Amino acid sequence: MVIPPIGAIGGIGSVGSLGPTAGATQAAPGGDFASKISDAIDQLDELNKASDTAAQQAATGDLTDIHDYMIAATEASTATELAVSVRNRALEAFQEIMRMQV
Amino acid sequence: MSMFGMLDTAASGMRTHRVWLNAVSDNIANISTYRPMDEAAYQPRYVDAQSLPGANGQYNGANGGVGVRQILFGDPEGRVIYSPDHPLADENGLVRAPDTDLGEQMTQLMMAQRSYQSNSTVILRAKDMYQQAMQIGRG
């Protein structure tokens, strides 16, 4: 399904680690960007695992609720899309800073 | 799961109505299950649904939903009918038929199916909503 984009998400960590060096992002009240991203990825991983379990149940005939699989798959794909979207925005911001004239 | 609370709530509704559909299906399948007088008749199944509390017993929009508390069984006496030709009939010609009304079961079938459909529509709309929110990140 939507698993290939996950590999690319790893790149965010390095973007996030830029946070502490830039003074403006250091004082974020709800934790820094890197930890937020890492939490989000943990959640995404959980959703993907739930979707995989449901897929396995569907294949082996153990699935009692068809909708459970469809919902798990929808949640996983929506969360992945969101994570990729956030990654793209973060990367854009990073590149914008890199293009800055000094 | 907090991010997809709406999906999980609607999923609990679909699950409950799936159980209800199962029960109705069972009742209809057993509409002609006759038992001899010294045995219990087929007991129609009824779903006892219960709303689930949110976190800390409070509704916060991300929890809740519905669940099946228990399956209730109908009257084991059944409906005693006079059918002397039936192989299971006792010396008075009586057998026990399930106390199920097919018309009522069909109505329940429609209700359960429509409720299942409504929950499914909630999921579709919720999905659209999440997609809409993600449009903010594009462009």
# chains A, B, ... in the order shown; residues from 1 in each chain; ligands from 1
call {"tool": "interface_residues", "arguments": {"of": "chain B", "to": "chain A", "cutoff": "12 Å", "atoms": "only C-alpha atoms", "output": "VMD selection string"}}
result
chain B and resid 1 to 19 22 116 to 117 119 to 124 126 to 139
call {"tool": "write_last_selection", "arguments": {"atoms": "C-alpha atoms", "output": "PDB file, in the first residue's frame"}}
result
ATOM      1  CA  MET B   1      -6.499   6.458  19.161  1.00  0.00           C
ATOM      2  CA  SER B   2      -6.921  10.141  19.379  1.00  0.00           C
ATOM      3  CA  MET B   3      -6.149  11.175  15.814  1.00  0.00           C
ATOM      4  CA  PHE B   4      -8.908   9.070  14.281  1.00  0.00           C
ATOM      5  CA  GLY B   5     -11.442   9.156  17.104  1.00  0.00           C
ATOM      6  CA  MET B   6     -14.314   9.708  14.716  1.00  0.00           C
ATOM      7  CA  LEU B   7     -13.399   6.666  12.642  1.00  0.00           C
ATOM      8  CA  ASP B   8     -13.111   4.498  15.735  1.00  0.00           C
ATOM      9  CA  THR B   9     -16.475   5.667  17.051  1.00  0.00           C
ATOM     10  CA  ALA B  10     -18.175   4.926  13.740  1.00  0.00           C
ATOM     11  CA  ALA B  11     -16.356   1.595  13.582  1.00  0.00           C
ATOM     12  CA  SER B  12     -17.803   0.637  16.968  1.00  0.00           C
ATOM     13  CA  GLY B  13     -21.251   1.390  15.549  1.00  0.00           C
ATOM     14  CA  MET B  14     -20.587  -0.779  12.520  1.00  0.00           C
ATOM     15  CA  ARG B  15     -19.338  -3.597  14.725  1.00  0.00           C
ATOM     16  CA  THR B  16     -22.406  -3.456  16.961  1.00  0.00           C
ATOM     17  CA  HIS B  17     -24.784  -3.437  14.024  1.00  0.00           C
ATOM     18  CA  ARG B  18     -22.896  -6.288  12.432  1.00  0.00           C
ATOM     19  CA  VAL B  19     -23.562  -8.296  15.601  1.00  0.00           C
ATOM     20  CA  ASN B  22     -25.841 -11.665  12.859  1.00  0.00           C
ATOM     21  CA  TYR B 116     -24.686  -0.014   9.533  1.00  0.00           C
ATOM     22  CA  GLN B 117     -24.956   2.050   6.374  1.00  0.00           C
ATOM     23  CA  ASN B 119     -22.076   4.506  10.283  1.00  0.00           C
ATOM     24  CA  SER B 120     -20.337   3.690   7.038  1.00  0.00           C
ATOM     25  CA  THR B 121     -21.393   7.085   5.671  1.00  0.00           C
ATOM     26  CA  VAL B 122     -19.963   8.760   8.777  1.00  0.00           C
ATOM     27  CA  ILE B 123     -16.643   7.083   8.006  1.00  0.00           C
ATOM     28  CA  LEU B 124     -16.701   8.277   4.406  1.00  0.00           C
ATOM     29  CA  ALA B 126     -14.807  11.713   8.183  1.00  0.00           C
ATOM     30  CA  LYS B 127     -12.282  10.536   5.608  1.00  0.00           C
ATOM     31  CA  ASP B 128     -13.247  13.414   3.318  1.00  0.00           C
ATOM     32  CA  MET B 129     -12.817  15.752   6.257  1.00  0.00           C
ATOM     33  CA  TYR B 130      -9.310  14.515   7.022  1.00  0.00           C
ATOM     34  CA  GLN B 131      -8.414  14.847   3.341  1.00  0.00           C
ATOM     35  CA  GLN B 132      -9.771  18.379   3.416  1.00  0.00           C
ATOM     36  CA  ALA B 133      -7.586  19.212   6.399  1.00  0.00           C
ATOM     37  CA  MET B 134      -4.561  17.911   4.553  1.00  0.00           C
ATOM     38  CA  GLN B 135      -5.282  20.241   1.673  1.00  0.00           C
ATOM     39  CA  ILE B 136      -3.952  22.987   3.962  1.00  0.00           C
ATOM     40  CA  GLY B 137      -0.492  21.459   3.654  1.00  0.00           C
ATOM     41  CA  ARG B 138      -0.549  21.429  -0.128  1.00  0.00           C
ATOM     42  CA  GLY B 139       0.422  24.175  -2.486  1.00  0.00           C
TER      43      GLY B 139
END
call {"tool": "select_by_dssp", "arguments": {"residues": "chain B", "states": "strand (DSSP E)", "output": "VMD selection string"}}
result
chain B and resid 45 to 51 66 to 73 79 to 82 94 to 97
call {"tool": "write_last_selection", "arguments": {"atoms": "N, CA and C atoms", "output": "PDB file, in the first residue's frame"}}
result
ATOM      1  N   ARG B  45     -32.354 -14.441  19.440  1.00  0.00           N
ATOM      2  CA  ARG B  45     -31.267 -13.630  19.987  1.00  0.00           C
ATOM      3  C   ARG B  45     -31.604 -12.147  19.881  1.00  0.00           C
ATOM      4  N   TYR B  46     -31.323 -11.445  20.958  1.00  0.00           N
ATOM      5  CA  TYR B  46     -31.491  -9.991  20.960  1.00  0.00           C
ATOM      6  C   TYR B  46     -30.196  -9.354  21.423  1.00  0.00           C
ATOM      7  N   VAL B  47     -29.803  -8.285  20.736  1.00  0.00           N
ATOM      8  CA  VAL B  47     -28.550  -7.607  21.079  1.00  0.00           C
ATOM      9  C   VAL B  47     -28.848  -6.494  22.076  1.00  0.00           C
ATOM     10  N   ASP B  48     -28.119  -6.511  23.174  1.00  0.00           N
ATOM     11  CA  ASP B  48     -28.242  -5.448  24.166  1.00  0.00           C
ATOM     12  C   ASP B  48     -27.066  -4.493  23.950  1.00  0.00           C
ATOM     13  N   ALA B  49     -27.349  -3.371  23.319  1.00  0.00           N
ATOM     14  CA  ALA B  49     -26.281  -2.412  23.019  1.00  0.00           C
ATOM     15  C   ALA B  49     -26.089  -1.464  24.190  1.00  0.00           C
ATOM     16  N   GLN B  50     -24.886  -0.954  24.306  1.00  0.00           N
ATOM     17  CA  GLN B  50     -24.570  -0.045  25.402  1.00  0.00           C
ATOM     18  C   GLN B  50     -23.599   1.011  24.892  1.00  0.00           C
ATOM     19  N   SER B  51     -23.867   2.259  25.242  1.00  0.00           N
ATOM     20  CA  SER B  51     -22.937   3.311  24.826  1.00  0.00           C
ATOM     21  C   SER B  51     -21.680   3.206  25.675  1.00  0.00           C
ATOM     22  N   VAL B  66     -20.210   2.729  20.699  1.00  0.00           N
ATOM     23  CA  VAL B  66     -21.217   1.795  21.196  1.00  0.00           C
ATOM     24  C   VAL B  66     -20.612   0.395  21.208  1.00  0.00           C
ATOM     25  N   GLY B  67     -21.110  -0.413  22.106  1.00  0.00           N
ATOM     26  CA  GLY B  67     -20.631  -1.790  22.178  1.00  0.00           C
ATOM     27  C   GLY B  67     -21.775  -2.727  22.512  1.00  0.00           C
ATOM     28  N   VAL B  68     -21.539  -3.995  22.362  1.00  0.00           N
ATOM     29  CA  VAL B  68     -22.544  -4.992  22.713  1.00  0.00           C
ATOM     30  C   VAL B  68     -22.298  -5.408  24.156  1.00  0.00           C
ATOM     31  N   ARG B  69     -23.267  -5.147  25.023  1.00  0.00           N
ATOM     32  CA  ARG B  69     -23.087  -5.526  26.417  1.00  0.00           C
ATOM     33  C   ARG B  69     -23.299  -7.020  26.581  1.00  0.00           C
ATOM     34  N   GLN B  70     -24.377  -7.510  26.015  1.00  0.00           N
ATOM     35  CA  GLN B  70     -24.658  -8.945  26.092  1.00  0.00           C
ATOM     36  C   GLN B  70     -25.663  -9.314  25.020  1.00  0.00           C
ATOM     37  N   ILE B  71     -25.777 -10.594  24.794  1.00  0.00           N
ATOM     38  CA  ILE B  71     -26.803 -11.114  23.894  1.00  0.00           C
ATOM     39  C   ILE B  71     -27.901 -11.690  24.778  1.00  0.00           C
ATOM     40  N   LEU B  72     -29.111 -11.193  24.587  1.00  0.00           N
ATOM     41  CA  LEU B  72     -30.237 -11.692  25.376  1.00  0.00           C
ATOM     42  C   LEU B  72     -30.963 -12.763  24.574  1.00  0.00           C
ATOM     43  N   PHE B  73     -31.510 -13.708  25.296  1.00  0.00           N
ATOM     44  CA  PHE B  73     -32.217 -14.801  24.632  1.00  0.00           C
ATOM     45  C   PHE B  73     -33.705 -14.719  24.939  1.00  0.00           C
ATOM     46  N   ARG B  79     -43.359 -21.056  21.063  1.00  0.00           N
ATOM     47  CA  ARG B  79     -44.782 -21.014  20.720  1.00  0.00           C
ATOM     48  C   ARG B  79     -45.207 -22.475  20.546  1.00  0.00           C
ATOM     49  N   VAL B  80     -46.121 -22.910  21.385  1.00  0.00           N
ATOM     50  CA  VAL B  80     -46.547 -24.306  21.321  1.00  0.00           C
ATOM     51  C   VAL B  80     -47.611 -24.424  20.231  1.00  0.00           C
ATOM     52  N   ILE B  81     -47.336 -25.260  19.246  1.00  0.00           N
ATOM     53  CA  ILE B  81     -48.317 -25.403  18.161  1.00  0.00           C
ATOM     54  C   ILE B  81     -48.776 -26.854  18.064  1.00  0.00           C
ATOM     55  N   TYR B  82     -49.979 -26.996  17.597  1.00  0.00           N
ATOM     56  CA  TYR B  82     -50.570 -28.332  17.429  1.00  0.00           C
ATOM     57  C   TYR B  82     -50.252 -28.820  16.026  1.00  0.00           C
ATOM     58  N   LEU B  94     -48.347 -31.868  20.135  1.00  0.00           N
ATOM     59  CA  LEU B  94     -47.810 -30.508  20.291  1.00  0.00           C
ATOM     60  C   LEU B  94     -46.299 -30.472  20.046  1.00  0.00           C
ATOM     61  N   VAL B  95     -45.820 -29.410  19.417  1.00  0.00           N
ATOM     62  CA  VAL B  95     -44.370 -29.157  19.266  1.00  0.00           C
ATOM     63  C   VAL B  95     -44.102 -27.704  19.632  1.00  0.00           C
ATOM     64  N   ARG B  96     -42.845 -27.432  19.901  1.00  0.00           N
ATOM     65  CA  ARG B  96     -42.455 -26.044  20.211  1.00  0.00           C
ATOM     66  C   ARG B  96     -41.838 -25.406  18.972  1.00  0.00           C
ATOM     67  N   ALA B  97     -42.387 -24.273  18.579  1.00  0.00           N
ATOM     68  CA  ALA B  97     -41.799 -23.486  17.496  1.00  0.00           C
ATOM     69  C   ALA B  97     -41.153 -22.256  18.137  1.00  0.00           C
TER      70      ALA B  97
END
call {"tool": "atom_distance", "arguments": {"atom1": "atom CA of A:Glu46", "atom2": "atom CA of A:Ala83"}}
result
13.4 Å
call {"tool": "residues_around", "arguments": {"residues": "A:Lys49", "least_positions_apart": "5", "cutoff": "9 Å", "atoms": "only C-alpha atoms", "output": "list in words"}}
result
Leu44, Ala54 and Ala76 of chain A
call {"tool": "write_last_selection", "arguments": {"atoms": "C-alpha atoms", "output": "PDB file, in the first residue's frame"}}
result
ATOM      1  CA  LEU A  44       2.058   6.012  12.133  1.00  0.00           C
ATOM      2  CA  ALA A  54      -5.972  -6.859   9.576  1.00  0.00           C
ATOM      3  CA  ALA A  76      -2.819   4.074   7.882  1.00  0.00           C
TER       4      ALA A  76
END
call {"tool": "atom_distance", "arguments": {"atom1": "atom CA of B:Pro76", "atom2": "atom CA of B:Gln43"}}
result
5.5 Å
call {"tool": "atom_distance", "arguments": {"atom1": "atom CA of B:Ser118", "atom2": "atom CA of A:Met70"}}
result
15.9 Å
